[in-house]
file coords_33.cif (mmCIF, C-alpha atoms)
data_data
#
loop_
_atom_site.group_PDB
_atom_site.id
_atom_site.type_symbol
_atom_site.label_atom_id
_atom_site.label_comp_id
_atom_site.auth_asym_id
_atom_site.auth_seq_id
_atom_site.Cartn_x
_atom_site.Cartn_y
_atom_site.Cartn_z
ATOM 1 C CA MET R 1 -23.793 93.318 -108.782
ATOM 2 C CA ILE R 2 -24.564 89.722 -109.407
ATOM 3 C CA LEU R 3 -25.033 87.531 -106.430
ATOM 4 C CA ARG R 4 -24.376 83.910 -107.082
ATOM 5 C CA ARG R 5 -26.886 81.511 -105.720
ATOM 6 C CA LYS R 6 -25.366 79.478 -103.000
ATOM 7 C CA GLN R 7 -25.108 75.841 -104.025
ATOM 8 C CA LEU R 8 -26.386 73.632 -101.253
ATOM 9 C CA GLU R 9 -25.004 70.172 -101.100
ATOM 10 C CA ALA R 10 -27.321 67.432 -99.943
ATOM 11 C CA SER R 11 -25.538 64.245 -99.035
ATOM 12 C CA VAL R 12 -26.204 61.343 -96.773
ATOM 13 C CA PRO R 13 -23.849 61.386 -93.811
ATOM 14 C CA SER R 14 -22.081 58.109 -94.352
ATOM 15 C CA MET R 15 -20.294 58.203 -91.004
ATOM 16 C CA ALA R 16 -23.607 57.984 -89.163
ATOM 17 C CA MET R 17 -24.652 54.908 -91.159
ATOM 18 C CA GLY R 18 -22.276 52.685 -89.261
ATOM 19 C CA ASP R 19 -23.657 53.902 -85.943
ATOM 20 C CA ILE R 20 -27.219 53.283 -87.111
ATOM 21 C CA ALA R 21 -26.349 49.747 -88.269
ATOM 22 C CA PHE R 22 -24.621 49.118 -84.962
ATOM 23 C CA LEU R 23 -27.626 50.261 -82.921
ATOM 24 C CA LEU R 24 -29.984 48.225 -85.111
ATOM 25 C CA LEU R 25 -27.859 45.152 -84.584
ATOM 26 C CA ILE R 26 -27.868 45.609 -80.804
ATOM 27 C CA PHE R 27 -31.648 46.027 -80.926
ATOM 28 C CA ILE R 28 -32.046 42.788 -82.916
ATOM 29 C CA VAL R 29 -29.661 40.946 -80.587
ATOM 30 C CA LEU R 30 -31.659 42.079 -77.546
ATOM 31 C CA LEU R 31 -34.905 40.951 -79.174
ATOM 32 C CA ALA R 32 -33.410 37.585 -80.037
ATOM 33 C CA ARG R 33 -32.091 37.070 -76.504
ATOM 34 C CA ALA R 34 -35.512 37.770 -75.027
ATOM 35 C CA ARG R 35 -36.878 34.807 -76.963
ATOM 36 C CA ASP R 36 -34.240 32.178 -76.335
ATOM 37 C CA ASP R 37 -33.110 30.493 -73.139
ATOM 38 C CA SER R 38 -29.393 31.208 -73.219
ATOM 39 C CA HIS R 39 -29.705 33.608 -70.284
ATOM 40 C CA LEU R 40 -30.938 30.862 -67.940
ATOM 41 C CA VAL R 41 -28.584 29.310 -65.401
ATOM 42 C CA TRP R 42 -28.507 25.530 -65.365
ATOM 43 C CA GLN R 43 -25.843 22.853 -65.344
ATOM 44 C CA PRO R 44 -26.482 19.712 -67.384
ATOM 45 C CA ALA R 45 -26.307 16.216 -65.963
ATOM 46 C CA THR R 46 -23.863 13.792 -67.558
ATOM 47 C CA GLY R 47 -24.579 10.953 -69.950
ATOM 48 C CA THR R 48 -22.981 8.688 -72.532
ATOM 49 C CA GLU R 49 -23.638 8.030 -76.226
ATOM 50 C CA LEU R 50 -25.047 11.502 -76.712
ATOM 51 C CA VAL R 51 -26.590 12.532 -80.013
ATOM 52 C CA LYS R 52 -27.656 15.820 -81.564
ATOM 53 C CA PRO R 53 -31.386 16.313 -82.039
ATOM 54 C CA ALA R 54 -32.542 16.247 -85.663
ATOM 55 C CA ASN R 55 -34.530 19.416 -85.053
ATOM 56 C CA GLN R 56 -35.883 21.455 -82.176
ATOM 57 C CA ASN R 57 -39.372 22.806 -81.901
ATOM 58 C CA ALA R 58 -39.488 23.920 -78.282
ATOM 59 C CA SER R 59 -37.276 24.029 -75.240
ATOM 60 C CA VAL R 60 -38.158 23.418 -71.628
ATOM 61 C CA VAL R 61 -35.645 24.542 -69.022
ATOM 62 C CA ILE R 62 -35.745 23.964 -65.276
ATOM 63 C CA ASP R 63 -33.069 26.158 -63.759
ATOM 64 C CA LYS R 64 -31.145 26.150 -60.464
ATOM 65 C CA GLN R 65 -34.103 27.759 -58.670
ATOM 66 C CA ASN R 66 -36.501 25.003 -59.858
ATOM 67 C CA ILE R 67 -38.307 27.482 -62.113
ATOM 68 C CA THR R 68 -39.744 26.016 -65.323
ATOM 69 C CA TYR R 69 -39.329 27.956 -68.568
ATOM 70 C CA LEU R 70 -40.881 27.282 -71.954
ATOM 71 C CA ASN R 71 -38.854 28.834 -74.773
ATOM 72 C CA GLY R 72 -37.152 31.118 -72.273
ATOM 73 C CA ARG R 73 -40.328 32.398 -70.627
ATOM 74 C CA PRO R 74 -41.267 31.304 -67.095
ATOM 75 C CA THR R 75 -44.329 29.110 -66.878
ATOM 76 C CA LEU R 76 -46.157 27.005 -64.320
ATOM 77 C CA SER R 77 -45.711 23.252 -64.621
ATOM 78 C CA GLU R 78 -49.499 22.756 -64.549
ATOM 79 C CA ASN R 79 -49.840 24.946 -67.670
ATOM 80 C CA LEU R 80 -46.909 23.393 -69.495
ATOM 81 C CA ALA R 81 -48.868 20.645 -71.291
ATOM 82 C CA THR R 82 -51.445 23.097 -72.667
ATOM 83 C CA GLU R 83 -48.840 25.633 -73.757
ATOM 84 C CA LEU R 84 -46.698 22.949 -75.390
ATOM 85 C CA SER R 85 -49.712 21.482 -77.205
ATOM 86 C CA ALA R 86 -50.506 24.918 -78.619
ATOM 87 C CA LEU R 87 -46.876 25.396 -79.633
ATOM 88 C CA LEU R 88 -46.435 22.008 -81.296
ATOM 89 C CA GLY R 89 -49.872 22.095 -82.923
ATOM 90 C CA ASP R 90 -50.310 19.460 -85.624
ATOM 91 C CA LEU R 91 -46.640 18.988 -86.401
ATOM 92 C CA PRO R 92 -45.917 15.481 -87.698
ATOM 93 C CA PRO R 93 -43.981 12.923 -85.639
ATOM 94 C CA GLY R 94 -40.274 13.537 -85.965
ATOM 95 C CA ASN R 95 -40.847 17.285 -85.882
ATOM 96 C CA ARG R 96 -42.069 17.545 -82.324
ATOM 97 C CA THR R 97 -38.721 17.599 -80.543
ATOM 98 C CA VAL R 98 -38.695 19.283 -77.155
ATOM 99 C CA LEU R 99 -35.243 20.057 -75.769
ATOM 100 C CA PHE R 100 -35.331 19.266 -72.070
ATOM 101 C CA LYS R 101 -32.690 21.148 -70.113
ATOM 102 C CA VAL R 102 -32.760 20.447 -66.408
ATOM 103 C CA HIS R 103 -30.211 21.546 -63.840
ATOM 104 C CA LYS R 104 -28.536 18.396 -62.524
ATOM 105 C CA ASP R 105 -29.596 18.916 -58.886
ATOM 106 C CA VAL R 106 -33.274 19.631 -59.552
ATOM 107 C CA ILE R 107 -35.419 17.071 -57.745
ATOM 108 C CA ALA R 108 -38.125 14.762 -59.105
ATOM 109 C CA GLU R 109 -40.892 16.851 -57.586
ATOM 110 C CA PHE R 110 -40.142 19.487 -60.246
ATOM 111 C CA PHE R 111 -38.841 17.587 -63.307
ATOM 112 C CA GLU R 112 -41.250 14.614 -63.364
ATOM 113 C CA PRO R 113 -44.385 16.742 -63.883
ATOM 114 C CA ALA R 114 -42.551 18.532 -66.714
ATOM 115 C CA ILE R 115 -41.683 15.192 -68.376
ATOM 116 C CA GLU R 116 -45.312 14.152 -67.969
ATOM 117 C CA ALA R 117 -46.437 17.435 -69.576
ATOM 118 C CA VAL R 118 -44.151 16.914 -72.595
ATOM 119 C CA SER R 119 -45.503 13.384 -72.961
ATOM 120 C CA GLU R 120 -49.086 14.630 -72.662
ATOM 121 C CA ALA R 121 -48.511 17.265 -75.346
ATOM 122 C CA GLY R 122 -47.139 14.611 -77.696
ATOM 123 C CA GLY R 123 -43.647 16.066 -77.610
ATOM 124 C CA GLU R 124 -40.556 14.024 -78.360
ATOM 125 C CA LEU R 125 -38.292 14.423 -75.364
ATOM 126 C CA HIS R 126 -34.590 15.149 -75.881
ATOM 127 C CA HIS R 127 -32.634 15.428 -72.623
ATOM 128 C CA VAL R 128 -29.736 17.837 -73.103
ATOM 129 C CA LEU R 129 -26.713 16.379 -71.297
ATOM 130 C CA GLU R 130 -22.952 16.766 -71.253
ATOM 131 C CA PRO R 131 -20.540 13.919 -71.969
ATOM 132 C CA SER R 132 -19.542 11.926 -68.925
ATOM 133 C CA PRO R 133 -15.860 12.668 -68.124
ATOM 134 C CA ASN R 134 -14.933 9.106 -67.145
ATOM 135 C CA LYS R 135 -16.940 7.106 -69.675
ATOM 136 C CA PRO R 136 -16.375 7.000 -73.431
ATOM 137 C CA ASN R 137 -18.977 9.011 -75.352
ATOM 138 C CA MET K 1 -13.701 51.346 -85.919
ATOM 139 C CA ASN K 2 -17.292 50.689 -86.899
ATOM 140 C CA ASP K 3 -16.254 47.783 -89.073
ATOM 141 C CA ILE K 4 -14.240 46.262 -86.252
ATOM 142 C CA ALA K 5 -17.142 46.633 -83.823
ATOM 143 C CA PHE K 6 -19.476 45.100 -86.374
ATOM 144 C CA ILE K 7 -17.248 42.088 -86.962
ATOM 145 C CA LEU K 8 -16.772 41.636 -83.209
ATOM 146 C CA ILE K 9 -20.523 41.637 -82.625
ATOM 147 C CA VAL K 10 -21.083 39.082 -85.402
ATOM 148 C CA PHE K 11 -18.356 36.936 -83.830
ATOM 149 C CA PHE K 12 -20.012 37.094 -80.390
ATOM 150 C CA LEU K 13 -23.387 36.305 -81.954
ATOM 151 C CA VAL K 14 -22.019 33.209 -83.655
ATOM 152 C CA CYS K 15 -20.340 32.092 -80.417
ATOM 153 C CA ALA K 16 -23.531 32.603 -78.420
ATOM 154 C CA SER K 17 -25.654 30.623 -80.848
ATOM 155 C CA VAL K 18 -23.458 27.513 -80.529
ATOM 156 C CA GLU K 19 -25.102 26.126 -77.418
ATOM 157 C CA PRO K 20 -24.697 22.495 -76.422
ATOM 158 C CA GLU K 21 -27.659 20.421 -77.540
ATOM 159 C CA ASP K 22 -26.171 16.955 -77.386
ATOM 160 C CA GLY K 23 -28.168 14.566 -75.321
ATOM 161 C CA ARG K 24 -30.433 11.578 -75.277
ATOM 162 C CA SER K 25 -33.846 11.180 -76.834
ATOM 163 C CA GLN K 26 -36.407 9.412 -74.734
ATOM 164 C CA THR K 27 -39.876 8.160 -75.524
ATOM 165 C CA ILE K 28 -42.023 8.238 -72.433
ATOM 166 C CA PRO K 29 -45.420 6.576 -72.697
ATOM 167 C CA ARG K 30 -48.149 8.279 -70.718
ATOM 168 C CA SER K 31 -47.413 7.887 -67.025
ATOM 169 C CA GLU K 32 -49.317 5.466 -64.871
ATOM 170 C CA LYS K 33 -51.307 6.607 -61.902
ATOM 171 C CA ASN K 34 -51.134 4.503 -58.781
ATOM 172 C CA GLU K 35 -54.592 2.986 -59.016
ATOM 173 C CA GLU K 36 -54.414 2.212 -62.750
ATOM 174 C CA ARG K 37 -51.442 -0.072 -62.438
ATOM 175 C CA ASN K 38 -52.382 -3.718 -62.277
ATOM 176 C CA ASN K 39 -49.930 -5.517 -64.544
ATOM 177 C CA SER K 40 -47.897 -7.783 -62.287
ATOM 178 C CA GLN K 41 -45.488 -8.576 -65.169
ATOM 179 C CA THR K 42 -44.116 -5.032 -65.219
ATOM 180 C CA ILE K 43 -40.744 -4.391 -63.638
ATOM 181 C CA GLU K 44 -40.836 -1.625 -61.065
ATOM 182 C CA VAL K 45 -37.711 0.388 -60.361
ATOM 183 C CA GLY K 46 -37.766 2.475 -57.212
ATOM 184 C CA LEU K 47 -35.495 5.465 -56.806
ATOM 185 C CA THR K 48 -34.457 7.275 -53.662
ATOM 186 C CA PRO K 49 -31.619 9.833 -53.550
ATOM 187 C CA ALA K 50 -29.166 7.109 -52.492
ATOM 188 C CA THR K 51 -30.584 3.767 -53.637
ATOM 189 C CA VAL K 52 -32.078 1.888 -56.574
ATOM 190 C CA THR K 53 -34.509 -0.980 -56.086
ATOM 191 C CA ILE K 54 -36.013 -3.503 -58.478
ATOM 192 C CA ASP K 55 -39.396 -4.734 -57.290
ATOM 193 C CA GLY K 56 -38.418 -3.681 -53.763
ATOM 194 C CA THR K 57 -34.938 -5.266 -53.664
ATOM 195 C CA PRO K 58 -32.094 -2.724 -53.332
ATOM 196 C CA TYR K 59 -29.059 -2.957 -55.649
ATOM 197 C CA HIS K 60 -25.717 -1.232 -56.097
ATOM 198 C CA GLN K 61 -25.206 0.571 -59.421
ATOM 199 C CA GLU K 62 -23.157 -2.277 -61.001
ATOM 200 C CA GLN K 63 -25.501 -4.964 -59.697
ATOM 201 C CA PHE K 64 -28.486 -2.994 -60.914
ATOM 202 C CA GLU K 65 -27.102 -2.822 -64.455
ATOM 203 C CA SER K 66 -26.599 -6.584 -64.726
ATOM 204 C CA ARG K 67 -29.873 -7.422 -62.953
ATOM 205 C CA ILE K 68 -32.004 -5.189 -65.182
ATOM 206 C CA GLN K 69 -30.277 -6.603 -68.277
ATOM 207 C CA GLN K 70 -31.030 -10.116 -67.064
ATOM 208 C CA LEU K 71 -34.689 -9.331 -66.308
ATOM 209 C CA LEU K 72 -35.276 -7.561 -69.617
ATOM 210 C CA SER K 73 -33.604 -10.267 -71.684
ATOM 211 C CA GLU K 74 -36.370 -12.612 -70.537
ATOM 212 C CA LYS K 75 -39.048 -10.279 -71.945
ATOM 213 C CA LYS K 76 -40.162 -10.845 -75.519
ATOM 214 C CA THR K 77 -42.591 -8.058 -76.432
ATOM 215 C CA GLU K 78 -42.239 -4.323 -76.073
ATOM 216 C CA SER K 79 -45.170 -4.120 -73.663
ATOM 217 C CA GLU K 80 -43.401 -6.596 -71.396
ATOM 218 C CA ARG K 81 -40.258 -4.475 -71.502
ATOM 219 C CA VAL K 82 -42.004 -1.487 -69.927
ATOM 220 C CA VAL K 83 -40.187 -0.500 -66.752
ATOM 221 C CA VAL K 84 -42.122 1.624 -64.302
ATOM 222 C CA VAL K 85 -39.870 4.156 -62.593
ATOM 223 C CA LYS K 86 -41.156 5.382 -59.256
ATOM 224 C CA SER K 87 -39.054 8.160 -57.794
ATOM 225 C CA GLN K 88 -39.175 9.766 -54.403
ATOM 226 C CA ALA K 89 -39.846 13.495 -54.594
ATOM 227 C CA ASP K 90 -36.268 14.357 -53.592
ATOM 228 C CA VAL K 91 -34.421 12.284 -56.218
ATOM 229 C CA PRO K 92 -32.016 14.537 -58.146
ATOM 230 C CA TYR K 93 -32.244 14.653 -61.943
ATOM 231 C CA GLU K 94 -28.647 13.441 -62.318
ATOM 232 C CA HIS K 95 -29.465 10.184 -60.478
ATOM 233 C CA TRP K 96 -32.721 9.731 -62.401
ATOM 234 C CA ILE K 97 -31.105 10.242 -65.813
ATOM 235 C CA ALA K 98 -28.256 7.823 -65.002
ATOM 236 C CA THR K 99 -30.698 5.099 -63.930
ATOM 237 C CA THR K 100 -33.064 5.525 -66.882
ATOM 238 C CA GLU K 101 -30.024 5.418 -69.189
ATOM 239 C CA LEU K 102 -29.120 1.982 -67.812
ATOM 240 C CA ILE K 103 -32.719 0.782 -68.242
ATOM 241 C CA GLU K 104 -32.903 1.987 -71.850
ATOM 242 C CA LYS K 105 -29.496 0.520 -72.689
ATOM 243 C CA ALA K 106 -30.797 -2.814 -71.422
ATOM 244 C CA GLY K 107 -33.755 -2.521 -73.807
ATOM 245 C CA GLY K 108 -36.375 -1.263 -71.382
ATOM 246 C CA VAL K 109 -39.070 1.314 -72.081
ATOM 247 C CA VAL K 110 -39.233 3.815 -69.245
ATOM 248 C CA THR K 111 -42.566 4.981 -67.944
ATOM 249 C CA LEU K 112 -43.199 7.082 -64.878
ATOM 250 C CA LEU K 113 -45.327 6.297 -61.901
ATOM 251 C CA LEU K 114 -46.555 9.559 -60.488
ATOM 252 C CA GLU K 115 -48.247 9.962 -57.165
ATOM 253 C CA GLU K 116 -51.609 11.647 -57.602
ATOM 254 C CA GLN K 117 -52.150 14.589 -55.325
ATOM 255 C CA HIS K 118 -55.583 15.111 -53.880
ATOM 256 C CA THR K 119 -56.515 18.188 -51.925
ATOM 257 C CA MET K 120 -59.233 17.643 -49.376
ATOM 258 C CA ILE K 121 -60.924 20.519 -47.681
ATOM 259 C CA VAL K 122 -62.315 19.614 -44.279
ATOM 260 C CA GLU K 123 -65.048 21.908 -43.092
#
call {"tool": "encode", "arguments": {"input": "coords_33.cif", "output": "structure tokens"}}
result
Amino acid sequence: MILRRKQLEASVPSMAMGDIAFLLLIFIVLLARARDDSHLVWQPATGTELVKPANQNASVVIDKQNITYLNGRPTLSENLATELSALLGDLPPGNRTVLFKVHKDVIAEFFEPAIEAVSEAGGELHHVLEPSPNKPN
Amino acid sequence: MNDIAFILIVFFLVCASVEPEDGRSQTIPRSEKNEERNNSQTIEVGLTPATVTIDGTPYHQEQFESRIQQLLSEKKTESERVVVVKSQADVPYEHWIATTELIEKAGGVVTLLLEEQHTMIVE
């Protein structure tokens, strides 16, 4: 009696590939969100003649709770100048834009030291605002 | 189903990345400390939550705009056009940004006057 050798088929399960890609994508999205500041709650003040920044090298956010964030991570305002200096390094003028996103009701006690820190670090301040509803933009 | 989920996630990613970044660029020279300031030519704008003053005189918003334009038109050099903004600690950002916008539109260069804080320990 001749027994035939059983042919084993080795194939990549293509159905699982989609799931793997999906999980990878979620992982990358989560990583990306941990680095940016889109999760922070703040409402911009209004302004006119608004322009887009040519580039952005760092972002400083002061949220509703008066907490200062540098690139999405909480920081103390007294450390902001040092951390920004390290971040901006020796970048040439024109490439040192710091997006400044402050909740409209935050008081001077919190935002003025942050402005001072950006100035001290040689950053180019760009206040992020929303168009004024009653004035032409 | 996977393809649909994938396309949906890409769509949400693209939507999330379009954050508003419009705004106003501002060049702030290094702030002045109280004791360093001795230039009597400089215009000083004082801000409280409800009022705006120029060299101690209070103005309404519309009056302030015309007065600052008038004062700055008399200044020739950039160093003369420096406007020192001194805000009370409780001035909201919205008020500050609106006032500095008017100053910059009038040709002024905004600089901040910060109160220095000293901590003294009494034994």
call {"tool": "closest_atom_pairs", "arguments": {"input": "coords_33.cif", "of": "chain K", "to": "chain R", "cutoff": "10 Å", "atoms": "only C-alpha atoms", "output": "CSV"}}
result
residue,atom,partner,partner_atom,distance
K:Met1,CA,R:Gly18,CA,9.3
K:Asn2,CA,R:Gly18,CA,5.9
K:Asp3,CA,R:Gly18,CA,7.8
K:Ala5,CA,R:Phe22,CA,8.0
K:Phe6,CA,R:Phe22,CA,6.7
K:Ile9,CA,R:Leu25,CA,8.4
K:Val10,CA,R:Leu25,CA,9.1
K:Leu13,CA,R:Val29,CA,7.9
K:Ala16,CA,R:Ser38,CA,8.0
K:Ser17,CA,R:Ser38,CA,8.5
K:Glu19,CA,R:Ser38,CA,7.9
K:Pro20,CA,R:Val128,CA,7.6
K:Glu21,CA,R:Val128,CA,5.5
K:Asp22,CA,R:Lys52,CA,4.6
K:Gly23,CA,R:Val128,CA,4.3
K:Arg24,CA,R:His127,CA,5.2
K:Ser25,CA,R:His126,CA,4.1
K:Gln26,CA,R:Leu125,CA,5.4
K:Thr27,CA,R:Leu125,CA,6.5
K:Ile28,CA,R:Ser119,CA,6.2
K:Pro29,CA,R:Ser119,CA,6.8
K:Arg30,CA,R:Ser119,CA,6.2
K:Ser31,CA,R:Glu116,CA,6.7
K:Leu47,CA,R:Ala108,CA,9.9
K:Thr48,CA,R:Ala108,CA,10.0
K:Pro49,CA,R:Ile107,CA,9.2
K:Lys86,CA,R:Ala108,CA,9.9
K:Ser87,CA,R:Ala108,CA,6.8
K:Gln88,CA,R:Ala108,CA,6.9
K:Ala89,CA,R:Glu109,CA,4.6
K:Asp90,CA,R:Ile107,CA,5.0
K:Val91,CA,R:Ile107,CA,5.1
K:Pro92,CA,R:Ile107,CA,4.3
K:Tyr93,CA,R:Lys104,CA,5.3
K:Glu94,CA,R:Lys104,CA,5.0
K:His95,CA,R:Lys104,CA,8.5
K:Trp96,CA,R:Ala108,CA,8.1
K:Ile97,CA,R:Ala45,CA,7.7
K:Ala98,CA,R:Gly47,CA,6.9
K:Glu101,CA,R:Gly47,CA,7.8
K:Thr111,CA,R:Glu116,CA,9.6
K:Leu112,CA,R:Glu112,CA,7.9
K:Leu113,CA,R:Glu112,CA,9.4
K:Leu114,CA,R:Glu112,CA,7.9
call {"tool": "resolve_selection", "arguments": {"input": "coords_33.cif", "expression": "the PyMOL selection byres ((chain K and resi 82) around 8)", "output": "list in words"}}
result
Thr42, Ile43, Glu78, Ser79, Glu80, Arg81, Val83, Val84, Gly108, Val109, Val110 and Thr111 of chain K
call {"tool": "atom_distance", "arguments": {"input": "coords_33.cif", "atom1": "atom CA of R:Leu87", "atom2": "atom CA of K:Val85"}}
result
28.1 Å
call {"tool": "resolve_selection", "arguments": {"input": "coords_33.cif", "expression": "the PyMOL selection byres ((chain R and resi 69-82) around 6)", "output": "ChimeraX atom specification"}}
result
/R:35-37,59-61,68,83-85,117,121
call {"tool": "residues_around", "arguments": {"input": "coords_33.cif", "residues": "stretch 56-66 of chain K", "least_positions_apart": "2", "cutoff": "8 Å", "atoms": "all atoms listed in the file", "output": "list of chain:residue names"}}
result
K:Glu44, K:Val45, K:Gly46, K:Thr51, K:Val52, K:Thr53, K:Ile54, K:Ile68, K:Gln69, K:Gln70, K:Leu102, K:Ile103, K:Ala106
call {"tool": "atom_distance", "arguments": {"input": "coords_33.cif", "atom1": "atom CA of K:Thr99", "atom2": "atom CA of K:Lys75"}}
result
19.2 Å
call {"tool": "atom_distance", "arguments": {"input": "coords_33.cif", "atom1": "atom CA of R:Asn55", "atom2": "atom CA of R:Arg96"}}
result
8.2 Å
call {"tool": "build_atoms", "arguments": {"input": "coords_33.cif", "residues": "stretch 58-66 of chain K", "atoms": "all heavy atoms", "output": "PDB file, keeping the file's coordinate frame"}}
result
ATOM      1  N   PRO K  58     -33.114  -3.742 -53.034  1.00  0.00           N
ATOM      2  CA  PRO K  58     -32.094  -2.724 -53.332  1.00  0.00           C
ATOM      3  C   PRO K  58     -30.846  -3.310 -54.018  1.00  0.00           C
ATOM      4  O   PRO K  58     -30.461  -4.451 -53.738  1.00  0.00           O
ATOM      5  CB  PRO K  58     -31.735  -2.160 -51.959  1.00  0.00           C
ATOM      6  CG  PRO K  58     -32.136  -3.198 -50.982  1.00  0.00           C
ATOM      7  CD  PRO K  58     -33.207  -4.042 -51.595  1.00  0.00           C
ATOM      8  N   TYR K  59     -30.261  -2.528 -54.915  1.00  0.00           N
ATOM      9  CA  TYR K  59     -29.059  -2.957 -55.649  1.00  0.00           C
ATOM     10  C   TYR K  59     -28.042  -1.818 -55.691  1.00  0.00           C
ATOM     11  O   TYR K  59     -28.426  -0.651 -55.695  1.00  0.00           O
ATOM     12  CB  TYR K  59     -29.415  -3.326 -57.094  1.00  0.00           C
ATOM     13  CG  TYR K  59     -30.238  -4.596 -57.217  1.00  0.00           C
ATOM     14  CD1 TYR K  59     -31.627  -4.535 -57.251  1.00  0.00           C
ATOM     15  CD2 TYR K  59     -29.623  -5.837 -57.294  1.00  0.00           C
ATOM     16  CE1 TYR K  59     -32.392  -5.683 -57.358  1.00  0.00           C
ATOM     17  CE2 TYR K  59     -30.381  -6.995 -57.398  1.00  0.00           C
ATOM     18  CZ  TYR K  59     -31.762  -6.919 -57.431  1.00  0.00           C
ATOM     19  OH  TYR K  59     -32.511  -8.056 -57.521  1.00  0.00           O
ATOM     20  N   HIS K  60     -26.760  -2.205 -55.800  1.00  0.00           N
ATOM     21  CA  HIS K  60     -25.717  -1.232 -56.097  1.00  0.00           C
ATOM     22  C   HIS K  60     -25.785  -0.945 -57.594  1.00  0.00           C
ATOM     23  O   HIS K  60     -26.372  -1.714 -58.352  1.00  0.00           O
ATOM     24  CB  HIS K  60     -24.330  -1.800 -55.758  1.00  0.00           C
ATOM     25  CG  HIS K  60     -24.056  -1.840 -54.288  1.00  0.00           C
ATOM     26  ND1 HIS K  60     -23.902  -0.690 -53.549  1.00  0.00           N
ATOM     27  CD2 HIS K  60     -23.925  -2.886 -53.430  1.00  0.00           C
ATOM     28  CE1 HIS K  60     -23.682  -1.037 -52.290  1.00  0.00           C
ATOM     29  NE2 HIS K  60     -23.704  -2.356 -52.186  1.00  0.00           N
ATOM     30  N   GLN K  61     -25.153   0.141 -58.012  1.00  0.00           N
ATOM     31  CA  GLN K  61     -25.206   0.571 -59.421  1.00  0.00           C
ATOM     32  C   GLN K  61     -24.803  -0.551 -60.384  1.00  0.00           C
ATOM     33  O   GLN K  61     -25.499  -0.826 -61.350  1.00  0.00           O
ATOM     34  CB  GLN K  61     -24.271   1.783 -59.598  1.00  0.00           C
ATOM     35  CG  GLN K  61     -24.272   2.365 -60.991  1.00  0.00           C
ATOM     36  CD  GLN K  61     -25.259   3.515 -61.128  1.00  0.00           C
ATOM     37  OE1 GLN K  61     -26.180   3.668 -60.321  1.00  0.00           O
ATOM     38  NE2 GLN K  61     -25.081   4.301 -62.166  1.00  0.00           N
ATOM     39  N   GLU K  62     -23.666  -1.237 -60.093  1.00  0.00           N
ATOM     40  CA  GLU K  62     -23.157  -2.277 -61.001  1.00  0.00           C
ATOM     41  C   GLU K  62     -24.094  -3.493 -60.994  1.00  0.00           C
ATOM     42  O   GLU K  62     -24.378  -4.081 -62.043  1.00  0.00           O
ATOM     43  CB  GLU K  62     -21.752  -2.746 -60.611  1.00  0.00           C
ATOM     44  CG  GLU K  62     -20.699  -1.661 -60.478  1.00  0.00           C
ATOM     45  CD  GLU K  62     -20.772  -0.927 -59.151  1.00  0.00           C
ATOM     46  OE1 GLU K  62     -20.965  -1.584 -58.118  1.00  0.00           O
ATOM     47  OE2 GLU K  62     -20.658   0.319 -59.169  1.00  0.00           O
ATOM     48  N   GLN K  63     -24.567  -3.831 -59.815  1.00  0.00           N
ATOM     49  CA  GLN K  63     -25.501  -4.964 -59.697  1.00  0.00           C
ATOM     50  C   GLN K  63     -26.807  -4.649 -60.414  1.00  0.00           C
ATOM     51  O   GLN K  63     -27.395  -5.506 -61.065  1.00  0.00           O
ATOM     52  CB  GLN K  63     -25.805  -5.238 -58.216  1.00  0.00           C
ATOM     53  CG  GLN K  63     -24.651  -5.779 -57.424  1.00  0.00           C
ATOM     54  CD  GLN K  63     -25.009  -5.848 -55.943  1.00  0.00           C
ATOM     55  OE1 GLN K  63     -25.630  -4.928 -55.399  1.00  0.00           O
ATOM     56  NE2 GLN K  63     -24.630  -6.930 -55.297  1.00  0.00           N
ATOM     57  N   PHE K  64     -27.230  -3.402 -60.295  1.00  0.00           N
ATOM     58  CA  PHE K  64     -28.486  -2.994 -60.914  1.00  0.00           C
ATOM     59  C   PHE K  64     -28.406  -3.169 -62.426  1.00  0.00           C
ATOM     60  O   PHE K  64     -29.332  -3.682 -63.056  1.00  0.00           O
ATOM     61  CB  PHE K  64     -28.790  -1.524 -60.566  1.00  0.00           C
ATOM     62  CG  PHE K  64     -29.963  -0.963 -61.315  1.00  0.00           C
ATOM     63  CD1 PHE K  64     -31.261  -1.261 -60.926  1.00  0.00           C
ATOM     64  CD2 PHE K  64     -29.788  -0.151 -62.438  1.00  0.00           C
ATOM     65  CE1 PHE K  64     -32.351  -0.762 -61.623  1.00  0.00           C
ATOM     66  CE2 PHE K  64     -30.857   0.348 -63.140  1.00  0.00           C
ATOM     67  CZ  PHE K  64     -32.154   0.043 -62.732  1.00  0.00           C
ATOM     68  N   GLU K  65     -27.279  -2.755 -63.009  1.00  0.00           N
ATOM     69  CA  GLU K  65     -27.102  -2.822 -64.455  1.00  0.00           C
ATOM     70  C   GLU K  65     -27.238  -4.264 -64.950  1.00  0.00           C
ATOM     71  O   GLU K  65     -27.970  -4.530 -65.906  1.00  0.00           O
ATOM     72  CB  GLU K  65     -25.727  -2.249 -64.829  1.00  0.00           C
ATOM     73  CG  GLU K  65     -25.578  -1.970 -66.310  1.00  0.00           C
ATOM     74  CD  GLU K  65     -24.296  -1.217 -66.636  1.00  0.00           C
ATOM     75  OE1 GLU K  65     -23.551  -0.840 -65.713  1.00  0.00           O
ATOM     76  OE2 GLU K  65     -24.062  -1.006 -67.842  1.00  0.00           O
ATOM     77  N   SER K  66     -26.546  -5.185 -64.288  1.00  0.00           N
ATOM     78  CA  SER K  66     -26.599  -6.584 -64.726  1.00  0.00           C
ATOM     79  C   SER K  66     -27.961  -7.224 -64.442  1.00  0.00           C
ATOM     80  O   SER K  66     -28.476  -7.995 -65.241  1.00  0.00           O
ATOM     81  CB  SER K  66     -25.479  -7.395 -64.077  1.00  0.00           C
ATOM     82  OG  SER K  66     -25.560  -7.254 -62.689  1.00  0.00           O
TER      83      SER K  66
END
